[in-house]
file query.txt (compact mmCIF, C-alpha atoms (C1' of nucleotides))
# COMPACT_ATOMS: atom_id res chain seq x y z
CA MET A 288 260.56 298.15 75.10
CA ARG A 289 263.24 298.94 77.62
CA LEU A 290 265.37 296.02 78.69
CA GLU A 291 264.37 296.66 82.32
CA ASP A 292 260.76 295.89 81.45
CA GLU A 293 261.50 293.01 79.10
CA ILE A 294 263.19 290.96 81.79
CA LYS A 295 261.60 292.62 84.86
CA GLN A 296 264.90 293.72 86.32
CA ALA A 297 264.83 297.22 87.76
CA THR A 298 268.55 297.79 88.09
CA PHE A 299 271.82 296.37 86.80
CA GLN A 300 275.20 295.98 88.44
CA SER A 301 276.74 298.27 85.85
CA GLU A 302 276.09 299.83 82.49
CA GLY A 303 278.42 297.14 81.12
CA GLN A 304 276.36 294.30 82.54
CA LYS A 305 273.23 295.91 81.15
CA ALA A 306 274.84 296.24 77.73
CA HIS A 307 275.87 292.59 77.87
CA LEU A 308 272.31 291.45 78.62
CA ASN A 309 270.94 293.91 76.08
CA ILE A 310 273.08 292.53 73.25
CA VAL A 311 272.14 288.94 74.05
CA PHE A 312 268.47 289.78 74.48
CA THR A 313 268.30 291.84 71.28
CA ALA A 314 270.06 289.14 69.27
CA GLY A 315 267.50 286.61 70.49
CA TRP A 316 264.70 289.00 69.64
CA LEU A 317 266.03 289.47 66.10
CA GLN A 318 266.65 285.78 65.53
CA GLN A 319 263.22 284.78 66.73
CA ARG A 320 261.56 287.22 64.35
CA GLN A 321 263.63 285.97 61.43
CA ALA A 322 262.97 282.34 62.33
CA ALA A 323 259.23 283.02 62.35
CA VAL A 324 259.51 284.36 58.80
CA PHE A 325 261.31 281.27 57.53
CA ARG A 326 259.20 278.69 59.36
CA PRO A 327 256.34 278.68 56.83
CA LEU A 328 258.97 277.99 54.15
CA GLY A 329 260.25 274.97 56.07
CA LEU A 330 263.65 276.56 56.63
CA THR A 331 265.48 277.23 59.88
CA LEU A 332 267.77 280.21 60.26
CA PRO A 333 271.04 278.23 60.10
CA GLN A 334 269.72 276.40 57.04
CA PHE A 335 268.92 279.71 55.37
CA ASN A 336 272.34 281.10 56.16
CA VAL A 337 274.10 278.06 54.70
CA LEU A 338 271.93 278.25 51.63
CA ARG A 339 272.87 281.89 51.15
CA ILE A 340 276.57 281.11 51.44
CA LEU A 341 276.13 278.40 48.80
CA ARG A 342 274.41 280.85 46.48
CA GLY A 343 277.35 283.19 46.94
CA GLN A 344 279.65 280.43 45.69
CA HIS A 345 277.38 279.24 42.91
CA PRO A 346 278.14 277.70 40.47
CA LYS A 347 281.34 276.78 42.30
CA PRO A 348 280.93 274.22 45.08
CA ALA A 349 281.66 274.85 48.76
CA THR A 350 283.19 272.49 51.29
CA VAL A 351 282.09 272.05 54.88
CA ALA A 352 285.22 273.91 55.96
CA LEU A 353 284.30 276.88 53.79
CA LEU A 354 280.79 276.99 55.26
CA ILE A 355 282.14 277.04 58.80
CA ASP A 356 284.56 279.80 57.87
CA ARG A 357 281.71 282.03 56.74
CA MET A 358 279.07 281.11 59.27
CA LEU A 359 278.16 283.34 62.18
CA ASP A 360 278.34 280.43 64.56
CA LYS A 361 281.66 278.69 64.02
CA THR A 362 280.88 275.76 66.26
CA SER A 363 277.56 274.92 64.69
CA ASN A 364 277.55 271.61 62.98
CA ALA A 365 277.61 272.44 59.29
CA SER A 366 277.57 268.74 58.38
CA ARG A 367 274.18 268.20 59.95
CA ILE A 368 272.71 271.41 58.60
CA VAL A 369 273.73 270.27 55.13
CA ASP A 370 272.06 266.91 55.93
CA LYS A 371 268.72 268.68 56.39
CA LEU A 372 269.13 270.76 53.24
CA GLU A 373 270.05 267.64 51.27
CA GLU A 374 266.91 265.84 52.52
CA LYS A 375 264.90 268.75 51.18
CA ARG A 376 266.78 268.58 47.86
CA LEU A 377 267.99 272.16 48.22
CA VAL A 378 271.67 271.16 48.01
CA THR A 379 273.73 268.28 46.65
CA ARG A 380 276.77 266.62 48.15
CA THR A 381 279.46 264.89 46.08
CA VAL A 382 282.95 263.76 46.97
CA CYS A 383 285.45 266.30 45.69
CA PRO A 384 287.43 264.63 42.89
CA ALA A 385 290.58 266.66 43.56
CA ASN A 386 290.61 265.82 47.27
CA ARG A 387 288.59 262.82 48.26
CA ARG A 388 288.54 263.89 51.91
CA ALA A 389 286.53 266.98 51.02
CA VAL A 390 282.91 267.15 49.95
CA ASP A 391 281.60 269.46 47.25
CA ILE A 392 278.34 271.06 48.32
CA ARG A 393 276.22 272.86 45.74
CA ILE A 394 272.91 274.68 45.84
CA THR A 395 270.30 273.15 43.52
CA GLU A 396 267.88 274.92 41.20
CA ALA A 397 265.18 274.41 43.81
CA GLY A 398 267.43 276.06 46.39
CA LEU A 399 268.06 279.02 44.14
CA ARG A 400 264.33 279.40 43.48
CA LEU A 401 263.57 279.37 47.20
CA LEU A 402 266.12 282.12 47.91
CA GLN A 403 264.79 284.04 44.94
CA GLN A 404 261.32 283.91 46.43
CA ILE A 405 262.60 285.07 49.84
CA ASP A 406 264.40 287.99 48.16
CA ALA A 407 261.35 288.91 46.10
CA GLU A 408 259.18 289.06 49.18
CA GLY A 409 261.72 291.19 51.04
CA LEU A 410 261.69 288.81 53.98
CA VAL A 411 265.24 289.59 55.07
CA ASP A 412 265.10 293.31 54.55
CA PRO A 413 266.66 294.83 57.67
CA LEU A 414 264.46 297.90 57.21
CA ARG A 415 261.51 295.74 58.13
CA ASN A 416 263.18 294.20 61.11
CA GLY A 417 263.73 296.96 63.60
CA PHE A 418 266.54 298.80 61.91
CA GLU A 419 264.35 301.40 60.27
CA ALA A 420 264.29 303.18 63.64
CA LEU A 421 268.00 304.05 63.42
CA THR A 422 269.77 306.56 61.19
CA ASP A 423 272.77 305.51 59.16
CA ALA A 424 275.04 307.39 61.56
CA GLU A 425 273.53 305.53 64.52
CA LEU A 426 274.00 302.20 62.76
CA LYS A 427 277.66 303.01 62.11
CA THR A 428 278.12 303.93 65.77
CA LEU A 429 276.48 300.68 66.79
CA ASN A 430 278.75 298.67 64.53
CA THR A 431 281.83 300.44 65.84
CA LEU A 432 280.87 299.83 69.46
CA LEU A 433 280.16 296.16 68.87
CA ASP A 434 283.47 295.67 67.07
CA LYS A 435 285.21 297.31 70.03
CA ILE A 436 283.72 294.80 72.46
CA ARG A 437 285.24 291.92 70.52
CA ALA A 438 288.53 293.71 69.85
CA MET B 207 288.21 291.99 65.08
CA ARG B 208 286.05 293.66 62.47
CA LEU B 209 282.91 291.76 61.53
CA GLU B 210 284.05 291.72 57.90
CA ASP B 211 287.04 289.62 58.87
CA GLU B 212 285.22 287.43 61.37
CA ILE B 213 282.83 286.08 58.78
CA LYS B 214 284.91 286.78 55.65
CA GLN B 215 282.34 289.01 54.07
CA ALA B 216 283.81 292.10 52.42
CA THR B 217 280.64 294.11 51.99
CA PHE B 218 277.10 294.22 53.32
CA GLN B 219 273.83 295.14 51.66
CA SER B 220 273.39 298.01 54.07
CA GLU B 221 274.65 299.35 57.37
CA GLY B 222 271.44 297.93 58.85
CA GLN B 223 272.16 294.42 57.63
CA LYS B 224 275.68 294.70 58.97
CA ALA B 225 274.38 295.86 62.34
CA HIS B 226 271.95 292.95 62.41
CA LEU B 227 274.73 290.43 61.77
CA ASN B 228 277.01 292.24 64.17
CA ILE B 229 274.52 292.03 67.06
CA VAL B 230 273.90 288.33 66.47
CA PHE B 231 277.59 287.58 66.06
CA THR B 232 278.62 289.57 69.13
CA ALA B 233 275.92 287.94 71.27
CA GLY B 234 277.22 284.52 70.22
CA TRP B 235 280.76 285.62 70.99
CA LEU B 236 279.79 286.78 74.47
CA GLN B 237 277.73 283.71 75.27
CA GLN B 238 280.43 281.34 74.15
CA ARG B 239 282.96 283.03 76.41
CA GLN B 240 280.62 282.88 79.37
CA ALA B 241 279.71 279.26 78.69
CA ALA B 242 283.40 278.35 78.67
CA VAL B 243 283.77 279.89 82.13
CA PHE B 244 280.88 277.89 83.57
CA ARG B 245 281.72 274.58 81.92
CA PRO B 246 284.38 273.56 84.47
CA LEU B 247 281.75 274.16 87.16
CA GLY B 248 279.32 271.81 85.43
CA LEU B 249 276.86 274.61 84.75
CA THR B 250 275.40 275.75 81.45
CA LEU B 251 274.52 279.39 80.85
CA PRO B 252 270.73 278.90 81.11
CA GLN B 253 271.25 276.89 84.29
CA PHE B 254 273.36 279.69 85.75
CA ASN B 255 270.77 282.30 84.83
CA VAL B 256 267.96 280.35 86.46
CA LEU B 257 270.07 279.82 89.55
CA ARG B 258 270.71 283.55 89.76
CA ILE B 259 267.00 284.34 89.51
CA LEU B 260 266.36 281.86 92.32
CA ARG B 261 268.96 283.53 94.49
CA GLY B 262 267.20 286.82 93.83
CA GLN B 263 264.01 285.32 95.24
CA HIS B 264 265.65 283.49 98.11
CA PRO B 265 264.37 282.56 100.65
CA LYS B 266 261.04 282.90 98.85
CA PRO B 267 260.33 280.23 96.25
CA ALA B 268 259.86 280.88 92.54
CA THR B 269 257.45 279.19 90.16
CA VAL B 270 258.21 278.12 86.60
CA ALA B 271 256.09 281.02 85.38
CA LEU B 272 258.19 283.49 87.35
CA LEU B 273 261.40 282.07 85.91
CA ILE B 274 260.13 282.43 82.35
CA ASP B 275 259.06 285.99 83.07
CA ARG B 276 262.59 286.93 84.09
CA MET B 277 264.60 284.87 81.64
CA LEU B 278 266.28 286.35 78.60
CA ASP B 279 264.89 283.63 76.40
CA LYS B 280 261.16 283.41 77.03
CA THR B 281 260.66 280.28 74.95
CA SER B 282 263.37 278.27 76.65
CA ASN B 283 262.01 275.37 78.60
CA ALA B 284 262.39 276.37 82.22
CA SER B 285 260.94 273.03 83.38
CA ARG B 286 263.78 271.06 81.88
CA ILE B 287 266.46 273.48 83.02
CA VAL B 288 265.11 273.06 86.55
CA ASP B 289 265.27 269.28 85.99
CA LYS B 290 269.03 269.50 85.47
CA LEU B 291 269.55 271.76 88.47
CA GLU B 292 267.48 269.41 90.62
CA GLU B 293 269.59 266.42 89.52
CA LYS B 294 272.64 268.35 90.69
CA ARG B 295 270.89 269.16 94.00
CA LEU B 296 271.26 272.89 93.40
CA VAL B 297 267.50 273.49 93.63
CA THR B 298 264.47 271.78 95.15
CA ARG B 299 260.99 271.40 93.72
CA THR B 300 257.88 271.05 95.88
CA VAL B 301 254.23 271.35 95.01
CA CYS B 302 252.98 274.75 96.10
CA PRO B 303 250.53 274.19 98.99
CA ALA B 304 248.46 277.26 98.17
CA ASN B 305 248.03 276.28 94.52
CA ARG B 306 248.65 272.69 93.73
CA ARG B 307 249.10 273.42 90.02
CA ALA B 308 252.16 275.50 90.75
CA VAL B 309 255.57 274.26 91.83
CA ASP B 310 257.75 276.02 94.40
CA ILE B 311 261.36 276.08 93.24
CA ARG B 312 264.06 277.03 95.74
CA ILE B 313 267.82 277.33 95.53
CA THR B 314 269.63 275.03 97.98
CA GLU B 315 272.60 275.80 100.20
CA ALA B 316 274.82 274.07 97.65
CA GLY B 317 273.39 276.33 94.94
CA LEU B 318 274.06 279.43 97.00
CA ARG B 319 277.62 278.30 97.68
CA LEU B 320 278.24 277.73 93.97
CA LEU B 321 277.02 281.22 93.07
CA GLN B 322 279.07 282.63 95.91
CA GLN B 323 282.16 280.99 94.47
CA ILE B 324 281.41 282.36 90.99
CA ASP B 325 281.00 285.85 92.44
CA ALA B 326 284.18 285.57 94.47
CA GLU B 327 286.18 284.63 91.42
CA GLY B 328 284.67 287.50 89.41
CA LEU B 329 283.70 285.12 86.62
CA VAL B 330 280.75 287.20 85.44
CA ASP B 331 282.40 290.56 85.73
CA PRO B 332 281.56 292.39 82.51
CA LEU B 333 284.82 294.32 82.82
CA ARG B 334 286.61 291.08 82.08
CA ASN B 335 284.38 290.21 79.19
CA GLY B 336 284.98 292.80 76.51
CA PHE B 337 283.21 295.74 78.07
CA GLU B 338 286.30 297.31 79.57
CA ALA B 339 287.01 298.72 76.10
CA LEU B 340 284.00 301.04 76.24
CA THR B 341 283.44 304.17 78.28
CA ASP B 342 280.30 304.56 80.34
CA ALA B 343 278.97 307.06 77.80
CA GLU B 344 279.54 304.56 74.99
CA LEU B 345 277.78 301.83 76.93
CA LYS B 346 274.79 304.11 77.49
CA THR B 347 274.68 304.93 73.78
CA LEU B 348 274.84 301.22 72.97
CA ASN B 349 271.96 300.46 75.33
CA THR B 350 269.87 303.25 73.86
CA LEU B 351 270.45 302.09 70.30
CA LEU B 352 269.59 298.47 71.12
CA ASP B 353 266.40 299.51 72.90
CA LYS B 354 265.44 301.54 69.82
CA ILE B 355 265.73 298.49 67.57
CA ARG B 356 263.18 296.61 69.66
CA ALA B 357 260.94 299.62 70.19
C1' DG C 188 308.42 254.45 49.73
C1' DC C 189 306.39 254.10 53.99
C1' DA C 190 305.10 255.32 58.78
C1' DA C 191 303.49 259.18 61.30
C1' DA C 192 301.12 263.44 61.35
C1' DT C 193 297.57 266.27 59.57
C1' DT C 194 293.35 267.42 57.29
C1' DT C 195 288.49 266.82 56.36
C1' DA C 196 284.09 265.39 57.41
C1' DA C 197 280.90 262.47 59.95
C1' DT C 198 279.09 260.81 64.21
C1' DG C 199 278.03 260.31 69.34
C1' DT C 200 276.38 262.59 73.40
C1' DA C 201 274.53 266.05 76.43
C1' DC C 202 272.04 269.98 76.58
C1' DC C 203 269.16 273.75 74.68
C1' DT C 204 265.33 275.94 71.76
C1' DA C 205 260.87 276.12 69.69
C1' DC C 206 256.53 274.71 69.48
C1' DA C 207 252.51 271.53 70.12
C1' DT C 208 250.06 268.71 73.15
C1' DC C 209 248.61 266.80 77.48
C1' DA C 210 247.06 266.33 82.35
C1' DA C 211 245.86 268.08 86.59
C1' DA C 212 244.19 271.73 89.49
C1' DT C 213 241.63 275.68 89.92
C1' DA C 214 238.44 279.38 88.59
C1' DC C 215 234.30 280.73 86.60
C1' DC C 216 229.47 280.85 85.53
C1' DT C 217 224.89 279.82 85.65
C1' DA D 196 226.86 272.08 92.77
C1' DG D 197 228.41 270.88 88.20
C1' DG D 198 230.13 271.53 83.81
C1' DT D 199 233.31 274.46 81.11
C1' DA D 200 237.26 277.33 80.69
C1' DT D 201 241.67 278.68 82.22
C1' DT D 202 246.00 278.20 84.41
C1' DT D 203 250.19 275.76 85.38
C1' DG D 204 253.60 272.71 84.41
C1' DA D 205 255.34 268.51 82.17
C1' DT D 206 256.33 266.04 78.05
C1' DG D 207 256.95 264.77 72.96
C1' DT D 208 259.40 265.90 68.84
C1' DA D 209 262.34 268.20 65.51
C1' DG D 210 266.19 270.71 65.01
C1' DG D 211 270.51 273.27 66.74
C1' DT D 212 274.91 273.91 69.65
C1' DA D 213 279.12 272.43 71.74
C1' DC D 214 282.53 269.39 72.15
C1' DA D 215 284.94 264.84 71.80
C1' DT D 216 285.91 261.03 69.03
C1' DT D 217 286.40 258.45 64.83
C1' DA D 218 287.51 257.19 60.00
C1' DA D 219 289.35 258.04 55.72
C1' DA D 220 292.40 260.54 52.61
C1' DT D 221 296.31 263.11 52.08
C1' DT D 222 300.70 265.25 53.33
C1' DT D 223 305.08 265.19 55.49
C1' DG D 224 309.49 263.51 57.00
C1' DC D 225 312.87 260.32 57.11

call {"tool": "encode", "arguments": {"input": "query.txt", "output": "structure tokens"}}
result
Amino acid sequence: MRLEDEIKQATFQSEGQKAHLNIVFTAGWLQQRQAAVFRPLGLTLPQFNVLRILRGQHPKPATVALLIDRMLDKTSNASRIVDKLEEKRLVTRTVCPANRRAVDIRITEAGLRLLQQIDAEGLVDPLRNGFEALTDAELKTLNTLLDKIRA
Amino acid sequence: MRLEDEIKQATFQSEGQKAHLNIVFTAGWLQQRQAAVFRPLGLTLPQFNVLRILRGQHPKPATVALLIDRMLDKTSNASRIVDKLEEKRLVTRTVCPANRRAVDIRITEAGLRLLQQIDAEGLVDPLRNGFEALTDAELKTLNTLLDKIRA
DNA sequence: GCAAATTTAATGTACCTACATCAAATACCT
DNA sequence: AGGTATTTGATGTAGGTACATTAAATTTGC
């Protein structure tokens, strides 16, 4: 649907303001759809993202600092997201022997199985999440334009 | 900065997955910048957005349902955002006489003055928020591509 | 070698999001 | 009119975001 109709606003101050709202609105739209997919699995989106980073490190551990470095949202509280994953026994936390300030965080077998299941069911496939409507050239253009905004 | 560097991920499964992450990351980037601008004024971004909708209605009142209809995030809790604005005396809430289930929400003079100040200082000008890097044609392309994703 | 500075993570607080539930007012239907 | 359904908003709860502060371990500088 056109942004105008989604938020019932007929006109915008500028094409730039419309693009701004459109990016924010589309991001919310995408995140809500993804969150709905993970909800039945008892996972939130930030929890899933942390879990995926941990799988990328596996079998090496990650620290909280490493998670933050790789997360989309740098100011999100990785400590507390790890808390939730630990409660669910999807990750473990141990004091790093080499540096007792740091904490070694590792994905468990149960965590790996859960991600495996999500992969097998194709739940994160971008082609099923709105991106099938765009050609590869359009996607590249989109990526270039977004990078320019943050340049 | 390129997305690859922002989140330290060298490659992506597909251009679609990269675009997905790029939209979410860029939206976060934009919102964080805007939030930082409003913080010294004691306003959060959702509070500002609600206030702007109320100014659009002024001097007519809005209901909670109308706010939700026009908000970017439909699931956000407009009731509680209005609570905060009411505490700050930027809006008033009165039971709607014509329909006692509904609540008439109005922006106050103080609310109008605050928005006036924000306008005067150009704090929401998209040209100062990353969009000056794109031509009007590029912005139109961007809007078209984003609309396609949600089609 | 020891005091000061820095790093690393956890925690406190305020606010927001997402969703379920509740209560009151109104509309509907016979 | 009277009972049921719907509308409208508020509220409860779990989790996340943003930022400041704290505590412990380590590094640095003299």

call {"tool": "interface_residues", "arguments": {"input": "query.txt", "of": "chain B", "to": "chain D", "cutoff": "10 Å", "atoms": "only C-alpha atoms (C1' of nucleotides)", "output": "short mmCIF file (atom, residue, chain, number, x, y, z; two decimals) with C-alpha atoms, in the frame of the given file"}}
result
data_model
loop_
_atom_site.label_atom_id
_atom_site.label_comp_id
_atom_site.auth_asym_id
_atom_site.auth_seq_id
_atom_site.Cartn_x
_atom_site.Cartn_y
_atom_site.Cartn_z
CA GLN B 238 280.43 281.34 74.15
CA ALA B 241 279.71 279.26 78.69
CA THR B 269 257.45 279.19 90.16
CA VAL B 270 258.21 278.12 86.60
CA ALA B 271 256.09 281.02 85.38
CA ALA B 284 262.39 276.37 82.22
CA SER B 285 260.94 273.03 83.38
CA ARG B 286 263.78 271.06 81.88
CA ASN B 305 248.03 276.28 94.52
CA ARG B 306 248.65 272.69 93.73
CA ARG B 307 249.10 273.42 90.02
CA ALA B 308 252.16 275.50 90.75
CA VAL B 309 255.57 274.26 91.83
#

call {"tool": "interface_residues", "arguments": {"input": "query.txt", "of": "chain C", "to": "chain A", "cutoff": "8 Å", "atoms": "all atoms listed in the file", "output": "JSON, numbers by chain"}}
result
{"C": [195, 196, 197]}

call {"tool": "closest_atom_pairs", "arguments": {"input": "query.txt", "of": "chain B", "to": "chain A", "cutoff": "6 Å", "atoms": "all atoms listed in the file", "output": "tab-separated table"}}
result
residue	atom	partner	partner_atom	distance
B:Met207	CA	A:Ala438	CA	5.1
B:Arg208	CA	A:Asp434	CA	5.6
B:Ile213	CA	A:Arg357	CA	4.7
B:Lys214	CA	A:Arg357	CA	5.8
B:Gly222	CA	A:Pro413	CA	5.8
B:Gln223	CA	A:Pro413	CA	5.5
B:Ala225	CA	A:Asn430	CA	5.6
B:Ile229	CA	A:Ala314	CA	5.8
B:Val230	CA	A:Ala314	CA	4.8
B:Phe231	CA	A:Leu359	CA	5.8
B:Ala233	CA	A:Val311	CA	4.8
B:Arg276	CA	A:Ile294	CA	4.7
B:Leu278	CA	A:Phe312	CA	5.8
B:Pro332	CA	A:Gln304	CA	5.5
B:Gly336	CA	A:Ile436	CA	4.7
B:Phe337	CA	A:Ile436	CA	5.7
B:Asn349	CA	A:Ala306	CA	5.6
B:Asp353	CA	A:Arg289	CA	5.7
B:Ile355	CA	A:Gly417	CA	4.7
B:Ala357	CA	A:Met288	CA	5.1

call {"tool": "closest_residue", "arguments": {"input": "query.txt", "among": "B:Ile287, B:Leu260, B:Ile311, B:Ala216", "to": "DC203 (chain C)", "atoms": "only C-alpha atoms (C1' of nucleotides)"}}
result
B:Ile287

call {"tool": "residues_near_point", "arguments": {"input": "query.txt", "point": "(260.0, 273.4, 92.7)", "cutoff": "10 Å", "atoms": "all atoms listed in the file", "output": "number ranges by chain"}}
result
B: 267-270, 285, 288-289, 292, 297-302, 308-313

call {"tool": "write_last_selection", "arguments": {"input": "query.txt", "atoms": "C-alpha atoms", "output": "PDB file, in the coordinates of the input"}}
result
ATOM      1  CA  PRO B 267     260.330 280.230  96.250  1.00  0.00           C
ATOM      2  CA  ALA B 268     259.860 280.880  92.540  1.00  0.00           C
ATOM      3  CA  THR B 269     257.450 279.190  90.160  1.00  0.00           C
ATOM      4  CA  VAL B 270     258.210 278.120  86.600  1.00  0.00           C
ATOM      5  CA  SER B 285     260.940 273.030  83.380  1.00  0.00           C
ATOM      6  CA  VAL B 288     265.110 273.060  86.550  1.00  0.00           C
ATOM      7  CA  ASP B 289     265.270 269.280  85.990  1.00  0.00           C
ATOM      8  CA  GLU B 292     267.480 269.410  90.620  1.00  0.00           C
ATOM      9  CA  VAL B 297     267.500 273.490  93.630  1.00  0.00           C
ATOM     10  CA  THR B 298     264.470 271.780  95.150  1.00  0.00           C
ATOM     11  CA  ARG B 299     260.990 271.400  93.720  1.00  0.00           C
ATOM     12  CA  THR B 300     257.880 271.050  95.880  1.00  0.00           C
ATOM     13  CA  VAL B 301     254.230 271.350  95.010  1.00  0.00           C
ATOM     14  CA  CYS B 302     252.980 274.750  96.100  1.00  0.00           C
ATOM     15  CA  ALA B 308     252.160 275.500  90.750  1.00  0.00           C
ATOM     16  CA  VAL B 309     255.570 274.260  91.830  1.00  0.00           C
ATOM     17  CA  ASP B 310     257.750 276.020  94.400  1.00  0.00           C
ATOM     18  CA  ILE B 311     261.360 276.080  93.240  1.00  0.00           C
ATOM     19  CA  ARG B 312     264.060 277.030  95.740  1.00  0.00           C
ATOM     20  CA  ILE B 313     267.820 277.330  95.530  1.00  0.00           C
TER      21      ILE B 313
END

call {"tool": "closest_residue", "arguments": {"input": "query.txt", "among": "B:Arg295, B:Leu320, B:Ser282, B:Leu329", "to": "DA205 (chain C)", "atoms": "all atoms listed in the file"}}
result
B:Ser282

call {"tool": "closest_residue", "arguments": {"input": "query.txt", "among": "B:Glu210, B:Leu321, B:Asn283, B:Arg245", "to": "DT204 (chain C)", "atoms": "only C-alpha atoms (C1' of nucleotides)"}}
result
B:Asn283

call {"tool": "atom_distance", "arguments": {"input": "query.txt", "atom1": "CA of Ala397 (chain A)", "atom2": "CA of Leu377 (chain A)"}}
result
5.7 Å

call {"tool": "atom_distance", "arguments": {"input": "query.txt", "atom1": "CA of Leu247 (chain B)", "atom2": "CA of Thr298 (chain A)"}}
result
27.1 Å

call {"tool": "atom_distance", "arguments": {"input": "query.txt", "atom1": "C1' of DT200 (chain C)", "atom2": "CA of Gln334 (chain A)"}}
result
22.4 Å
